[in-house]
$ cat input_32.pdb   # PDB, C-alpha atoms
ATOM      1  CA  PHE M   1     104.754  75.781 119.724
ATOM      2  CA  TYR M   2     105.374  75.667 116.022
ATOM      3  CA  PHE M   3     103.732  72.323 115.220
ATOM      4  CA  MET M   4     101.401  71.716 112.302
ATOM      5  CA  GLN M   5      98.295  73.894 112.369
ATOM      6  CA  LYS M   6      94.986  73.127 110.698
ATOM      7  CA  ILE M   7      94.289  76.432 108.953
ATOM      8  CA  LEU M   8      91.007  77.273 107.241
ATOM      9  CA  LEU M   9      91.115  80.091 104.678
ATOM     10  CA  ILE M  10      87.556  81.279 104.095
ATOM     11  CA  GLY M  11      87.736  82.913 100.675
ATOM     12  CA  GLY M  12      91.149  81.318 100.226
ATOM     13  CA  GLY M  13      90.974  81.072  96.435
ATOM     14  CA  GLY M  14      91.465  84.816  95.935
ATOM     15  CA  TYR M  15      94.451  87.063  95.319
ATOM     16  CA  VAL M  16      95.610  87.144  98.966
ATOM     17  CA  GLY M  17      94.349  83.644  99.858
ATOM     18  CA  ASN M  18      96.256  81.928  97.063
ATOM     19  CA  SER M  19      99.524  83.484  98.224
ATOM     20  CA  LEU M  20      98.762  82.756 101.887
ATOM     21  CA  ALA M  21      97.867  79.118 101.171
ATOM     22  CA  HIS M  22     101.162  78.620  99.334
ATOM     23  CA  TYR M  23     103.086  80.205 102.225
ATOM     24  CA  PHE M  24     101.556  77.927 104.882
ATOM     25  CA  LEU M  25     101.658  74.771 102.762
ATOM     26  CA  LYS M  26     105.392  75.270 102.231
ATOM     27  CA  LYS M  27     105.723  75.413 106.020
ATOM     28  CA  LYS M  28     103.982  72.017 106.268
ATOM     29  CA  HIS M  29     100.707  73.227 107.770
ATOM     30  CA  GLN M  30      97.385  71.680 106.822
ATOM     31  CA  VAL M  31      95.435  74.199 104.735
ATOM     32  CA  THR M  32      91.765  74.052 103.770
ATOM     33  CA  ILE M  33      90.592  76.551 101.181
ATOM     34  CA  LEU M  34      86.874  77.273 101.289
ATOM     35  CA  ASP M  35      85.692  79.341  98.330
ATOM     36  CA  ASN M  36      82.704  79.528  96.005
ATOM     37  CA  PHE M  37      84.928  80.649  93.081
ATOM     38  CA  ILE M  38      82.580  83.386  91.914
ATOM     39  CA  TYR M  39      85.191  84.692  89.478
ATOM     40  CA  ASN M  40      85.573  81.285  87.787
ATOM     41  CA  HIS M  41      89.081  81.219  89.191
ATOM     42  CA  ARG M  42      89.379  77.688  90.573
ATOM     43  CA  SER M  43      92.112  76.838  88.038
ATOM     44  CA  THR M  44      94.383  79.456  89.653
ATOM     45  CA  LEU M  45      94.865  76.959  92.518
ATOM     46  CA  ASN M  46      96.498  74.439  90.177
ATOM     47  CA  ASN M  47      99.903  75.597  91.418
ATOM     48  CA  LEU M  48      99.003  74.201  94.858
ATOM     49  CA  THR M  49      97.784  70.729  93.923
ATOM     50  CA  SER M  50     101.189  69.106  94.542
ATOM     51  CA  PHE M  51     100.826  69.737  98.302
ATOM     52  CA  SER M  52      99.379  66.717 100.103
ATOM     53  CA  THR M  53      98.197  68.820 103.080
ATOM     54  CA  LEU M  54      95.850  70.957 100.945
ATOM     55  CA  LYS M  55      92.097  70.496 100.799
ATOM     56  CA  VAL M  56      89.900  72.636  98.511
ATOM     57  CA  ILE M  57      86.167  72.849  99.231
ATOM     58  CA  GLU M  58      83.815  74.642  96.859
ATOM     59  CA  GLU M  59      81.025  75.886  99.081
ATOM     60  CA  ASP M  60      79.085  79.025  99.909
ATOM     61  CA  ILE M  61      79.458  80.688 103.328
ATOM     62  CA  LEU M  62      75.705  81.300 103.292
ATOM     63  CA  ASN M  63      75.299  77.533 103.794
ATOM     64  CA  ARG M  64      75.475  77.355 107.585
ATOM     65  CA  SER M  65      75.344  73.572 108.007
ATOM     66  CA  ALA M  66      78.196  72.997 105.521
ATOM     67  CA  LEU M  67      80.163  75.819 107.146
ATOM     68  CA  LYS M  68      79.715  74.242 110.585
ATOM     69  CA  LYS M  69      81.229  70.922 109.480
ATOM     70  CA  ILE M  70      84.181  72.600 107.779
ATOM     71  CA  ILE M  71      84.974  75.024 110.613
ATOM     72  CA  ASN M  72      84.697  72.281 113.217
ATOM     73  CA  ASN M  73      87.709  70.574 111.717
ATOM     74  CA  CYS M  74      90.342  73.292 112.123
ATOM     75  CA  ASP M  75      92.441  75.214 114.686
ATOM     76  CA  ILE M  76      92.591  78.589 112.979
ATOM     77  CA  VAL M  77      89.975  80.395 110.892
ATOM     78  CA  ILE M  78      91.111  83.255 108.656
ATOM     79  CA  VAL M  79      88.218  85.194 107.127
ATOM     80  CA  LEU M  80      89.250  86.685 103.779
ATOM     81  CA  ALA M  81      85.914  86.137 102.056
ATOM     82  CA  GLY M  82      84.000  88.940 100.470
ATOM     83  CA  LEU M  83      83.331  90.869  97.327
ATOM     84  CA  VAL M  84      86.521  92.902  97.590
ATOM     85  CA  GLY M  85      86.770  96.503  96.493
ATOM     86  CA  ASP M  86      84.585  99.474  95.744
ATOM     87  CA  PRO M  87      83.739  98.875  92.039
ATOM     88  CA  ILE M  88      82.601  95.245  92.425
ATOM     89  CA  THR M  89      80.407  95.990  95.485
ATOM     90  CA  LYS M  90      78.807  98.898  93.621
ATOM     91  CA  LYS M  91      78.145  96.663  90.642
ATOM     92  CA  TYR M  92      76.548  93.835  92.664
ATOM     93  CA  PRO M  93      75.233  95.517  95.852
ATOM     94  CA  GLU M  94      72.750  92.782  96.826
ATOM     95  CA  TYR M  95      75.240  89.982  96.352
ATOM     96  CA  ALA M  96      77.898  92.023  98.182
ATOM     97  CA  SER M  97      75.576  92.420 101.148
ATOM     98  CA  ARG M  98      74.810  88.684 101.244
ATOM     99  CA  ILE M  99      78.486  87.712 101.278
ATOM    100  CA  ASN M 100      80.147  90.664 103.047
ATOM    101  CA  ASP M 101      77.492  90.962 105.751
ATOM    102  CA  LEU M 102      75.531  87.736 106.121
ATOM    103  CA  GLY M 103      78.202  85.241 105.014
ATOM    104  CA  VAL M 104      80.940  86.876 107.059
ATOM    105  CA  LYS M 105      78.675  86.988 110.139
ATOM    106  CA  ASN M 106      77.939  83.254 109.659
ATOM    107  CA  SER M 107      81.683  82.568 109.610
ATOM    108  CA  ILE M 108      82.260  84.551 112.809
ATOM    109  CA  ASP M 109      79.277  83.046 114.681
ATOM    110  CA  ILE M 110      80.147  79.448 113.844
ATOM    111  CA  THR M 111      83.837  79.952 114.708
ATOM    112  CA  PHE M 112      82.861  81.244 118.166
ATOM    113  CA  GLU M 113      80.176  78.566 118.687
ATOM    114  CA  ASN M 114      82.635  75.789 117.815
ATOM    115  CA  LYS M 115      85.273  77.195 120.206
ATOM    116  CA  ILE M 116      87.960  77.286 117.516
ATOM    117  CA  ARG M 117      91.345  78.338 118.927
ATOM    118  CA  LYS M 118      91.900  81.436 116.759
ATOM    119  CA  LEU M 119      89.940  83.735 114.457
ATOM    120  CA  ILE M 120      91.720  86.275 112.273
ATOM    121  CA  PHE M 121      89.466  88.706 110.457
ATOM    122  CA  ILE M 122      90.923  90.505 107.462
ATOM    123  CA  SER M 123      89.646  94.068 107.424
ATOM    124  CA  THR M 124      90.948  97.121 105.545
ATOM    125  CA  CYS M 125      92.584 100.530 106.070
ATOM    126  CA  SER M 126      89.843 101.759 103.682
ATOM    127  CA  ASN M 127      87.771 102.027 106.857
ATOM    128  CA  TYR M 128      89.493 105.379 107.524
ATOM    129  CA  GLY M 129      88.043 106.717 104.277
ATOM    130  CA  LEU M 130      88.871 110.361 104.044
ATOM    131  CA  ILE M 131      91.302 112.142 106.356
ATOM    132  CA  SER M 132      91.690 115.737 105.292
ATOM    133  CA  GLU M 133      94.310 116.861 107.807
ATOM    134  CA  ASP M 134      97.877 115.628 107.418
ATOM    135  CA  LYS M 135      97.592 113.173 110.261
ATOM    136  CA  LEU M 136      98.512 109.499 110.615
ATOM    137  CA  ALA M 137      95.527 107.288 111.448
ATOM    138  CA  ASP M 138      96.215 104.877 114.281
ATOM    139  CA  GLU M 139      93.781 102.148 115.337
ATOM    140  CA  GLN M 140      91.829 104.605 117.539
ATOM    141  CA  HIS M 141      91.238 107.066 114.718
ATOM    142  CA  PRO M 142      87.527 107.601 113.894
ATOM    143  CA  LEU M 143      86.359 105.415 111.010
ATOM    144  CA  ASN M 144      84.827 107.056 107.974
ATOM    145  CA  PRO M 145      84.031 104.285 105.469
ATOM    146  CA  ILE M 146      83.027 105.651 102.077
ATOM    147  CA  SER M 147      82.501 102.498  99.996
ATOM    148  CA  LEU M 148      79.951  99.736 100.555
ATOM    149  CA  TYR M 149      82.923  97.393 100.914
ATOM    150  CA  ALA M 150      84.455  99.373 103.804
ATOM    151  CA  LYS M 151      81.055  99.858 105.482
ATOM    152  CA  SER M 152      80.624  96.068 105.619
ATOM    153  CA  LYS M 153      84.141  95.679 107.071
ATOM    154  CA  VAL M 154      83.398  98.280 109.769
ATOM    155  CA  ASP M 155      80.132  96.487 110.645
ATOM    156  CA  ALA M 156      81.940  93.131 110.881
ATOM    157  CA  GLU M 157      84.636  94.661 113.115
ATOM    158  CA  LYS M 158      81.978  96.093 115.455
ATOM    159  CA  TYR M 159      80.197  92.743 115.511
ATOM    160  CA  ILE M 160      83.397  90.890 116.446
ATOM    161  CA  MET M 161      84.317  93.420 119.145
ATOM    162  CA  SER M 162      80.844  93.072 120.701
ATOM    163  CA  PHE M 163      81.956  89.585 121.873
ATOM    164  CA  GLU M 164      84.977  90.923 123.765
ATOM    165  CA  ASN M 165      83.570  90.615 127.288
ATOM    166  CA  ARG M 166      81.445  87.558 126.651
ATOM    167  CA  ASN M 167      84.035  85.040 127.752
ATOM    168  CA  ILE M 168      84.680  83.693 124.273
ATOM    169  CA  PHE M 169      87.106  80.769 124.067
ATOM    170  CA  THR M 170      88.403  81.878 120.645
ATOM    171  CA  SER M 171      91.369  84.258 120.519
ATOM    172  CA  THR M 172      90.358  86.921 118.010
ATOM    173  CA  THR M 173      92.357  89.474 116.006
ATOM    174  CA  ILE M 174      91.327  92.061 113.401
ATOM    175  CA  LEU M 175      93.886  93.105 110.784
ATOM    176  CA  ARG M 176      93.220  96.288 108.831
ATOM    177  CA  PHE M 177      95.184  95.565 105.682
ATOM    178  CA  ALA M 178      96.902  98.248 103.648
ATOM    179  CA  THR M 179      96.306  98.073  99.860
ATOM    180  CA  ALA M 180      97.940  94.896  98.586
ATOM    181  CA  PHE M 181     100.452  94.622  95.760
ATOM    182  CA  GLY M 182     102.696  91.932  94.295
ATOM    183  CA  VAL M 183     102.378  88.735  92.288
ATOM    184  CA  SER M 184      99.861  86.012  93.101
ATOM    185  CA  ASN M 185      98.760  82.995  91.094
ATOM    186  CA  ARG M 186      95.281  84.483  91.206
ATOM    187  CA  MET M 187      96.590  87.788  89.869
ATOM    188  CA  ARG M 188      94.744  91.106  90.108
ATOM    189  CA  PHE M 189      95.548  94.116  87.965
ATOM    190  CA  ASP M 190      92.777  96.263  89.433
ATOM    191  CA  LEU M 191      94.933  97.207  92.453
ATOM    192  CA  THR M 192      96.802 100.523  92.242
ATOM    193  CA  ILE M 193     100.449  99.445  91.985
ATOM    194  CA  ASN M 194      99.813  96.303  89.900
ATOM    195  CA  HIS M 195      97.482  98.306  87.643
ATOM    196  CA  PHE M 196      99.911 101.217  87.099
ATOM    197  CA  VAL M 197     102.820  98.896  86.240
ATOM    198  CA  LYS M 198     100.694  96.907  83.781
ATOM    199  CA  ASP M 199      99.491 100.044  81.963
ATOM    200  CA  ALA M 200     102.989 101.526  81.843
ATOM    201  CA  LEU M 201     104.532  98.326  80.517
ATOM    202  CA  ILE M 202     101.865  97.174  78.082
ATOM    203  CA  ASP M 203     100.475 100.516  76.813
ATOM    204  CA  ASN M 204     103.393 102.824  77.725
ATOM    205  CA  LYS M 205     100.643 105.058  79.065
ATOM    206  CA  LEU M 206      99.325 105.991  82.499
ATOM    207  CA  VAL M 207      96.202 107.945  83.432
ATOM    208  CA  VAL M 208      96.220 108.868  87.123
ATOM    209  CA  TYR M 209      93.274 110.406  88.991
ATOM    210  CA  ASP M 210      93.696 112.448  92.182
ATOM    211  CA  SER M 211      97.449 111.920  92.216
ATOM    212  CA  ASP M 212      97.957 113.626  95.591
ATOM    213  CA  THR M 213      95.802 111.143  97.584
ATOM    214  CA  TRP M 214      97.618 109.063 100.187
ATOM    215  CA  ARG M 215      97.267 105.329 100.765
ATOM    216  CA  PRO M 216      99.348 102.697 102.587
ATOM    217  CA  TYR M 217     100.554  99.689 100.570
ATOM    218  CA  CYS M 218     101.760  96.252 101.604
ATOM    219  CA  HIS M 219     103.256  93.344  99.642
ATOM    220  CA  LEU M 220     101.492  89.969  99.712
ATOM    221  CA  GLN M 221     104.508  88.248 101.271
ATOM    222  CA  ASP M 222     104.505  90.777 104.101
ATOM    223  CA  PHE M 223     100.811  90.047 104.694
ATOM    224  CA  ASN M 224     101.669  86.349 104.946
ATOM    225  CA  ASN M 225     104.341  87.197 107.484
ATOM    226  CA  ILE M 226     101.936  89.368 109.542
ATOM    227  CA  ILE M 227      99.284  86.641 109.659
ATOM    228  CA  GLU M 228     101.864  84.070 110.731
ATOM    229  CA  LYS M 229     103.039  86.418 113.516
ATOM    230  CA  VAL M 230      99.432  86.768 114.766
ATOM    231  CA  ILE M 231      98.956  82.978 114.754
ATOM    232  CA  PHE M 232     102.037  82.367 116.887
ATOM    233  CA  ALA M 233     101.862  85.473 119.105
ATOM    234  CA  SER M 234     100.986  85.119 122.769
ATOM    235  CA  GLN M 235      97.262  85.460 123.302
ATOM    236  CA  LYS M 236      97.568  88.483 125.632
ATOM    237  CA  ASP M 237      99.206  90.487 122.799
ATOM    238  CA  VAL M 238      96.615  89.811 120.114
ATOM    239  CA  ASP M 239      93.308  88.796 121.709
ATOM    240  CA  PHE M 240      90.512  91.186 120.681
ATOM    241  CA  GLN M 241      93.128  93.525 119.266
ATOM    242  CA  ILE M 242      92.888  95.560 116.074
ATOM    243  CA  PHE M 243      96.084  96.164 114.092
ATOM    244  CA  ASN M 244      96.775  98.334 111.090
ATOM    245  CA  ALA M 245      98.647  95.836 108.913
ATOM    246  CA  GLY M 246     101.498  97.347 106.915
ATOM    247  CA  SER M 247     104.312  99.838 107.419
ATOM    248  CA  GLU M 248     104.767 103.605 107.293
ATOM    249  CA  ILE M 249     107.599 103.302 104.763
ATOM    250  CA  ASN M 250     104.932 102.219 102.264
ATOM    251  CA  ASN M 251     102.594 105.196 102.815
ATOM    252  CA  TYR M 252     102.583 106.674  99.293
ATOM    253  CA  THR M 253     100.625 109.126  97.184
ATOM    254  CA  LYS M 254      99.717 107.973  93.685
ATOM    255  CA  GLU M 255     102.124 110.585  92.358
ATOM    256  CA  MET M 256     104.992 109.058  94.373
ATOM    257  CA  ILE M 257     104.206 105.610  92.920
ATOM    258  CA  VAL M 258     104.128 107.027  89.396
ATOM    259  CA  LYS M 259     107.531 108.669  89.987
ATOM    260  CA  GLU M 260     109.011 105.295  90.953
ATOM    261  CA  ILE M 261     107.487 103.646  87.880
ATOM    262  CA  SER M 262     108.583 106.458  85.545
ATOM    263  CA  LYS M 263     112.245 105.846  86.446
ATOM    264  CA  LYS M 264     111.995 102.448  84.792
ATOM    265  CA  PHE M 265     110.486 103.544  81.459
ATOM    266  CA  ASN M 266     111.559 105.919  78.715
ATOM    267  CA  ASN M 267     109.014 108.446  77.450
ATOM    268  CA  LEU M 268     106.105 107.177  79.501
ATOM    269  CA  ASP M 269     102.920 108.924  78.370
ATOM    270  CA  LEU M 270     101.606 110.219  81.697
ATOM    271  CA  LYS M 271      98.334 112.022  82.215
ATOM    272  CA  ILE M 272      97.332 113.422  85.631
ATOM    273  CA  VAL M 273      93.589 114.062  86.006
ATOM    274  CA  GLU M 274      91.939 115.895  88.897
ATOM    275  CA  GLY M 275      88.496 115.130  90.302
ATOM    276  CA  GLY M 276      88.338 111.332  90.129
ATOM    277  CA  HIS M 277      85.529 109.326  91.714
ATOM    278  CA  ASP M 278      87.654 107.703  94.453
ATOM    279  CA  ARG M 279      87.880 110.239  97.295
ATOM    280  CA  ARG M 280      89.720 108.015  99.771
ATOM    281  CA  ASN M 281      92.767 109.682 101.276
ATOM    282  CA  TYR M 282      94.519 108.344 104.365
ATOM    283  CA  LYS M 283      98.015 108.034 105.796
ATOM    284  CA  VAL M 284      98.260 105.286 108.359
ATOM    285  CA  ASP M 285     100.208 104.785 111.586
ATOM    286  CA  PHE M 286     101.662 101.255 111.922
ATOM    287  CA  ASN M 287     103.432 101.667 115.278
ATOM    288  CA  LYS M 288     101.254  99.173 117.108
ATOM    289  CA  ILE M 289     102.064  96.208 114.844
ATOM    290  CA  LYS M 290     105.727  97.191 114.796
ATOM    291  CA  LYS M 291     105.944  97.303 118.601
ATOM    292  CA  THR M 292     103.617  94.436 119.525
ATOM    293  CA  LEU M 293     104.509  91.911 116.828
ATOM    294  CA  ASN M 294     107.919  93.261 115.874
ATOM    295  CA  PHE M 295     106.800  93.494 112.251
ATOM    296  CA  LYS M 296     109.137  95.021 109.699
ATOM    297  CA  PRO M 297     108.293  94.800 105.987
ATOM    298  CA  ILE M 298     110.636  92.938 103.657
ATOM    299  CA  PHE M 299     109.198  94.414 100.449
ATOM    300  CA  SER M 300     109.111  98.080  99.452
ATOM    301  CA  VAL M 301     106.828  99.574  96.813
ATOM    302  CA  ASN M 302     109.851  99.670  94.528
ATOM    303  CA  ASP M 303     110.478  95.912  95.023
ATOM    304  CA  GLY M 304     106.858  95.290  94.042
ATOM    305  CA  ILE M 305     107.183  97.392  90.887
ATOM    306  CA  GLU M 306     110.271  95.390  89.850
ATOM    307  CA  GLU M 307     108.524  92.082  90.608
ATOM    308  CA  ILE M 308     105.438  92.938  88.541
ATOM    309  CA  ILE M 309     107.558  94.158  85.598
ATOM    310  CA  GLN M 310     109.386  90.792  85.596
ATOM    311  CA  TYR M 311     106.114  88.867  85.940
ATOM    312  CA  ILE M 312     104.603  90.616  82.914
ATOM    313  CA  LYS M 313     107.796  90.274  80.854
ATOM    314  CA  ASN M 314     107.894  86.534  81.603
ATOM    315  CA  SER M 315     104.237  85.980  80.684
ATOM    316  CA  ASN M 316     103.465  84.398  77.345
ATOM    317  CA  ASP M 317     100.057  85.949  76.946
ATOM    318  CA  VAL M 318      99.375  89.492  78.137
ATOM    319  CA  SER M 319      96.291  89.976  75.969
ATOM    320  CA  ASN M 320      93.833  88.965  78.697
ATOM    321  CA  PHE M 321      95.580  90.745  81.590
ATOM    322  CA  ALA M 322      92.860  93.413  81.522
ATOM    323  CA  SER M 323      90.410  90.810  82.869
ATOM    324  CA  PHE M 324      92.659  89.848  85.817
ATOM    325  CA  GLY M 325      90.799  91.320  88.762
ATOM    326  CA  ASN M 326      87.456  91.595  90.530
ATOM    327  CA  PHE M 327      85.324  92.678  87.570
ATOM    328  CA  GLU M 328      82.646  90.102  86.734
ATOM    329  CA  ILE M 329      81.111  87.395  88.864
ATOM    330  CA  LYS M 330      79.563  84.210  87.577
ATOM    331  CA  LYS M 331      75.885  84.055  88.404
TER     332      LYS M 331
END
$ encode --input "input_32.pdb" --output "structure tokens"
Amino acid sequence: FYFMQKILLIGGGGYVGNSLAHYFLKKKHQVTILDNFIYNHRSTLNNLTSFSTLKVIEEDILNRSALKKIINNCDIVIVLAGLVGDPITKKYPEYASRINDLGVKNSIDITFENKIRKLIFISTCSNYGLISEDKLADEQHPLNPISLYAKSKVDAEKYIMSFENRNIFTSTTILRFATAFGVSNRMRFDLTINHFVKDALIDNKLVVYDSDTWRPYCHLQDFNNIIEKVIFASQKDVDFQIFNAGSEINNYTKEMIVKEISKKFNNLDLKIVEGGHDRRNYKVDFNKIKKTLNFKPIFSVNDGIEEIIQYIKNSNDVSNFASFGNFEIKK
């Protein structure tokens, strides 16, 4: 039943949301972006203004009455909102807690109360935290969140799953995203692959901490594809299901990423440093999403490296690239 959907992207102005909005607008769906634009990034949506089925609402998810009106008018709610990442949640812990805990819980509650057809909650593979043995983490693997960001995601997951046997009308799916990479109109260079390519290309220099730590990666376009598959999957396959979102072919150590990047540059000044502050280390099993939703990635890590190199080479002004990311919020 591939007719037009009314899709609400809560936190849709961000790095993933911008790409996702573009994807669904091109497919003629009605997309509402709800965002409070805490990074002063509203102008990054200018690329979407030509679409007549787009609505952008600047609002805070702590405002329950506004949220109720907005959610009531859609078929599908996708919760992307949050202060995303370890550094930004450490820097603004109180604000992070308000958005990542209270605001997200508001979004979930109101979606269930309003009997919206589908809720998709975007979680993270960071929830696995630190896996010392050489083992792939499937969805049943114990969670060991290290950062404030991941702890909030784990809490939200538990909260959602507590509704499982309460006869909720809303079909609900949790996606534990791998680390994103690729080009978005709201670009971020504080994500591993994007960051490494930028430093290699602009400074011809790379400093890499804890190069042997594993992480899964996934291209933005593949995330779009996964979310679309969840929207149109049969309810019995996805209802109250948790999926690791990504693919095993993109399980990489930092050292493996650096090797791929090094092939594209002459005399790259590379410095490997042990004992960094980010202890996360996890290899992830993506069998469930492959089997249930028949997901196969289109983009490899190498494709992403090529894409980001081209993006930077085609940019007129690289001087402010260092500020492209989740660094500072407007108060």
$ closest_residue --input "input_32.pdb" --among "M:Gly246, M:Gly12, M:Gly325, M:Gly17" --to "Ile289 (chain M)" --atoms "only C-alpha atoms"
M:Gly246
$ residues_around --input "input_32.pdb" --residues "region 124-126 of chain M" --least-positions-apart "5" --cutoff "10 Å" --atoms "all atoms listed in the file" --output "PyMOL selection string"
chain M and resi 85-86+137-139+143-147+149-151+153-154+174-179+215-217+243-246+280-284
$ write_last_selection --input "input_32.pdb" --atoms "C-alpha atoms" --output "PDB file, in the frame of the given file"
ATOM      1  CA  GLY M  85      86.770  96.503  96.493  1.00  0.00           C
ATOM      2  CA  ASP M  86      84.585  99.474  95.744  1.00  0.00           C
ATOM      3  CA  ALA M 137      95.527 107.288 111.448  1.00  0.00           C
ATOM      4  CA  ASP M 138      96.215 104.877 114.281  1.00  0.00           C
ATOM      5  CA  GLU M 139      93.781 102.148 115.337  1.00  0.00           C
ATOM      6  CA  LEU M 143      86.359 105.415 111.010  1.00  0.00           C
ATOM      7  CA  ASN M 144      84.827 107.056 107.974  1.00  0.00           C
ATOM      8  CA  PRO M 145      84.031 104.285 105.469  1.00  0.00           C
ATOM      9  CA  ILE M 146      83.027 105.651 102.077  1.00  0.00           C
ATOM     10  CA  SER M 147      82.501 102.498  99.996  1.00  0.00           C
ATOM     11  CA  TYR M 149      82.923  97.393 100.914  1.00  0.00           C
ATOM     12  CA  ALA M 150      84.455  99.373 103.804  1.00  0.00           C
ATOM     13  CA  LYS M 151      81.055  99.858 105.482  1.00  0.00           C
ATOM     14  CA  LYS M 153      84.141  95.679 107.071  1.00  0.00           C
ATOM     15  CA  VAL M 154      83.398  98.280 109.769  1.00  0.00           C
ATOM     16  CA  ILE M 174      91.327  92.061 113.401  1.00  0.00           C
ATOM     17  CA  LEU M 175      93.886  93.105 110.784  1.00  0.00           C
ATOM     18  CA  ARG M 176      93.220  96.288 108.831  1.00  0.00           C
ATOM     19  CA  PHE M 177      95.184  95.565 105.682  1.00  0.00           C
ATOM     20  CA  ALA M 178      96.902  98.248 103.648  1.00  0.00           C
ATOM     21  CA  THR M 179      96.306  98.073  99.860  1.00  0.00           C
ATOM     22  CA  ARG M 215      97.267 105.329 100.765  1.00  0.00           C
ATOM     23  CA  PRO M 216      99.348 102.697 102.587  1.00  0.00           C
ATOM     24  CA  TYR M 217     100.554  99.689 100.570  1.00  0.00           C
ATOM     25  CA  PHE M 243      96.084  96.164 114.092  1.00  0.00           C
ATOM     26  CA  ASN M 244      96.775  98.334 111.090  1.00  0.00           C
ATOM     27  CA  ALA M 245      98.647  95.836 108.913  1.00  0.00           C
ATOM     28  CA  GLY M 246     101.498  97.347 106.915  1.00  0.00           C
ATOM     29  CA  ARG M 280      89.720 108.015  99.771  1.00  0.00           C
ATOM     30  CA  ASN M 281      92.767 109.682 101.276  1.00  0.00           C
ATOM     31  CA  TYR M 282      94.519 108.344 104.365  1.00  0.00           C
ATOM     32  CA  LYS M 283      98.015 108.034 105.796  1.00  0.00           C
ATOM     33  CA  VAL M 284      98.260 105.286 108.359  1.00  0.00           C
TER      34      VAL M 284
END
$ closest_residue --input "input_32.pdb" --among "M:Met161, M:Ile227, M:Ile202, M:Val301" --to "Leu268 (chain M)" --atoms "all atoms listed in the file"
M:Ile202
$ residues_around --input "input_32.pdb" --residues "Leu34 (chain M)" --least-positions-apart "4" --cutoff "7 Å" --atoms "all atoms listed in the file" --output "PyMOL selection string"
chain M and resi 9-12+56-59
$ write_last_selection --input "input_32.pdb" --atoms "C-alpha atoms" --output "compact mmCIF listing (two decimals), in the frame of the given file"
# COMPACT_ATOMS: atom_id res chain seq x y z
CA LEU M 9 91.12 80.09 104.68
CA ILE M 10 87.56 81.28 104.10
CA GLY M 11 87.74 82.91 100.68
CA GLY M 12 91.15 81.32 100.23
CA VAL M 56 89.90 72.64 98.51
CA ILE M 57 86.17 72.85 99.23
CA GLU M 58 83.82 74.64 96.86
CA GLU M 59 81.03 75.89 99.08
$ atom_distance --input "input_32.pdb" --atom1 "CA of Tyr159 (chain M)" --atom2 "CA of Asp109 (chain M)"
9.8 Å
$ atom_distance --input "input_32.pdb" --atom1 "CA of Leu8 (chain M)" --atom2 "CA of Phe181 (chain M)"
22.8 Å
$ atom_distance --input "input_32.pdb" --atom1 "CA of Val197 (chain M)" --atom2 "CA of Ile257 (chain M)"
9.6 Å
$ resolve_selection --input "input_32.pdb" --expression "the PyMOL selection byres ((chain M and resi 66-82) around 6)" --output "count of residues only"
20
$ closest_residue --input "input_32.pdb" --among "M:Thr49, M:Asn224, M:Gln5, M:Ser43" --to "His29 (chain M)" --atoms "all atoms listed in the file"
M:Gln5
$ closest_residue --input "input_32.pdb" --among "M:Phe223, M:Phe37, M:Tyr311, M:Phe3" --to "Val183 (chain M)" --atoms "all atoms listed in the file"
M:Tyr311
$ closest_residue --input "input_32.pdb" --among "M:Val207, M:Met4, M:Leu293, M:Leu191" --to "Lys26 (chain M)" --atoms "all atoms listed in the file"
M:Met4
$ residues_around --input "input_32.pdb" --residues "Lys205 (chain M)" --least-positions-apart "5" --cutoff "10 Å" --atoms "only C-alpha atoms" --output "list in words"
Phe196, Val197, Lys198, Asp199, Ala200, Asn267, Leu268, Asp269, Leu270 and Lys271 of chain M
$ closest_residue --input "input_32.pdb" --among "M:Leu48, M:Leu25, M:Ile168, M:Leu130" --to "Thr213 (chain M)" --atoms "only C-alpha atoms"
M:Leu130
$ residues_around --input "input_32.pdb" --residues "Ile329 (chain M)" --least-positions-apart "5" --cutoff "12 Å" --atoms "all atoms listed in the file" --output "VMD selection string"
chain M and resid 36 to 41 83 to 84 88 to 89 91 to 92 95 to 96 323
$ resolve_selection --input "input_32.pdb" --expression "the PyMOL selection byres ((chain M and resi 253) around 7)" --output "list in words"
Ser211, Asp212, Thr213, Trp214, Arg215, Tyr252, Lys254, Glu255, Met256 and Ile257 of chain M
$ write_last_selection --input "input_32.pdb" --atoms "C-alpha atoms" --output "mmCIF file, keeping the file's coordinate frame"
data_model
loop_
_atom_site.group_PDB
_atom_site.id
_atom_site.type_symbol
_atom_site.label_atom_id
_atom_site.label_comp_id
_atom_site.auth_asym_id
_atom_site.auth_seq_id
_atom_site.Cartn_x
_atom_site.Cartn_y
_atom_site.Cartn_z
ATOM 1 C CA SER M 211 97.449 111.920 92.216
ATOM 2 C CA ASP M 212 97.957 113.626 95.591
ATOM 3 C CA THR M 213 95.802 111.143 97.584
ATOM 4 C CA TRP M 214 97.618 109.063 100.187
ATOM 5 C CA ARG M 215 97.267 105.329 100.765
ATOM 6 C CA TYR M 252 102.583 106.674 99.293
ATOM 7 C CA LYS M 254 99.717 107.973 93.685
ATOM 8 C CA GLU M 255 102.124 110.585 92.358
ATOM 9 C CA MET M 256 104.992 109.058 94.373
ATOM 10 C CA ILE M 257 104.206 105.610 92.920
#
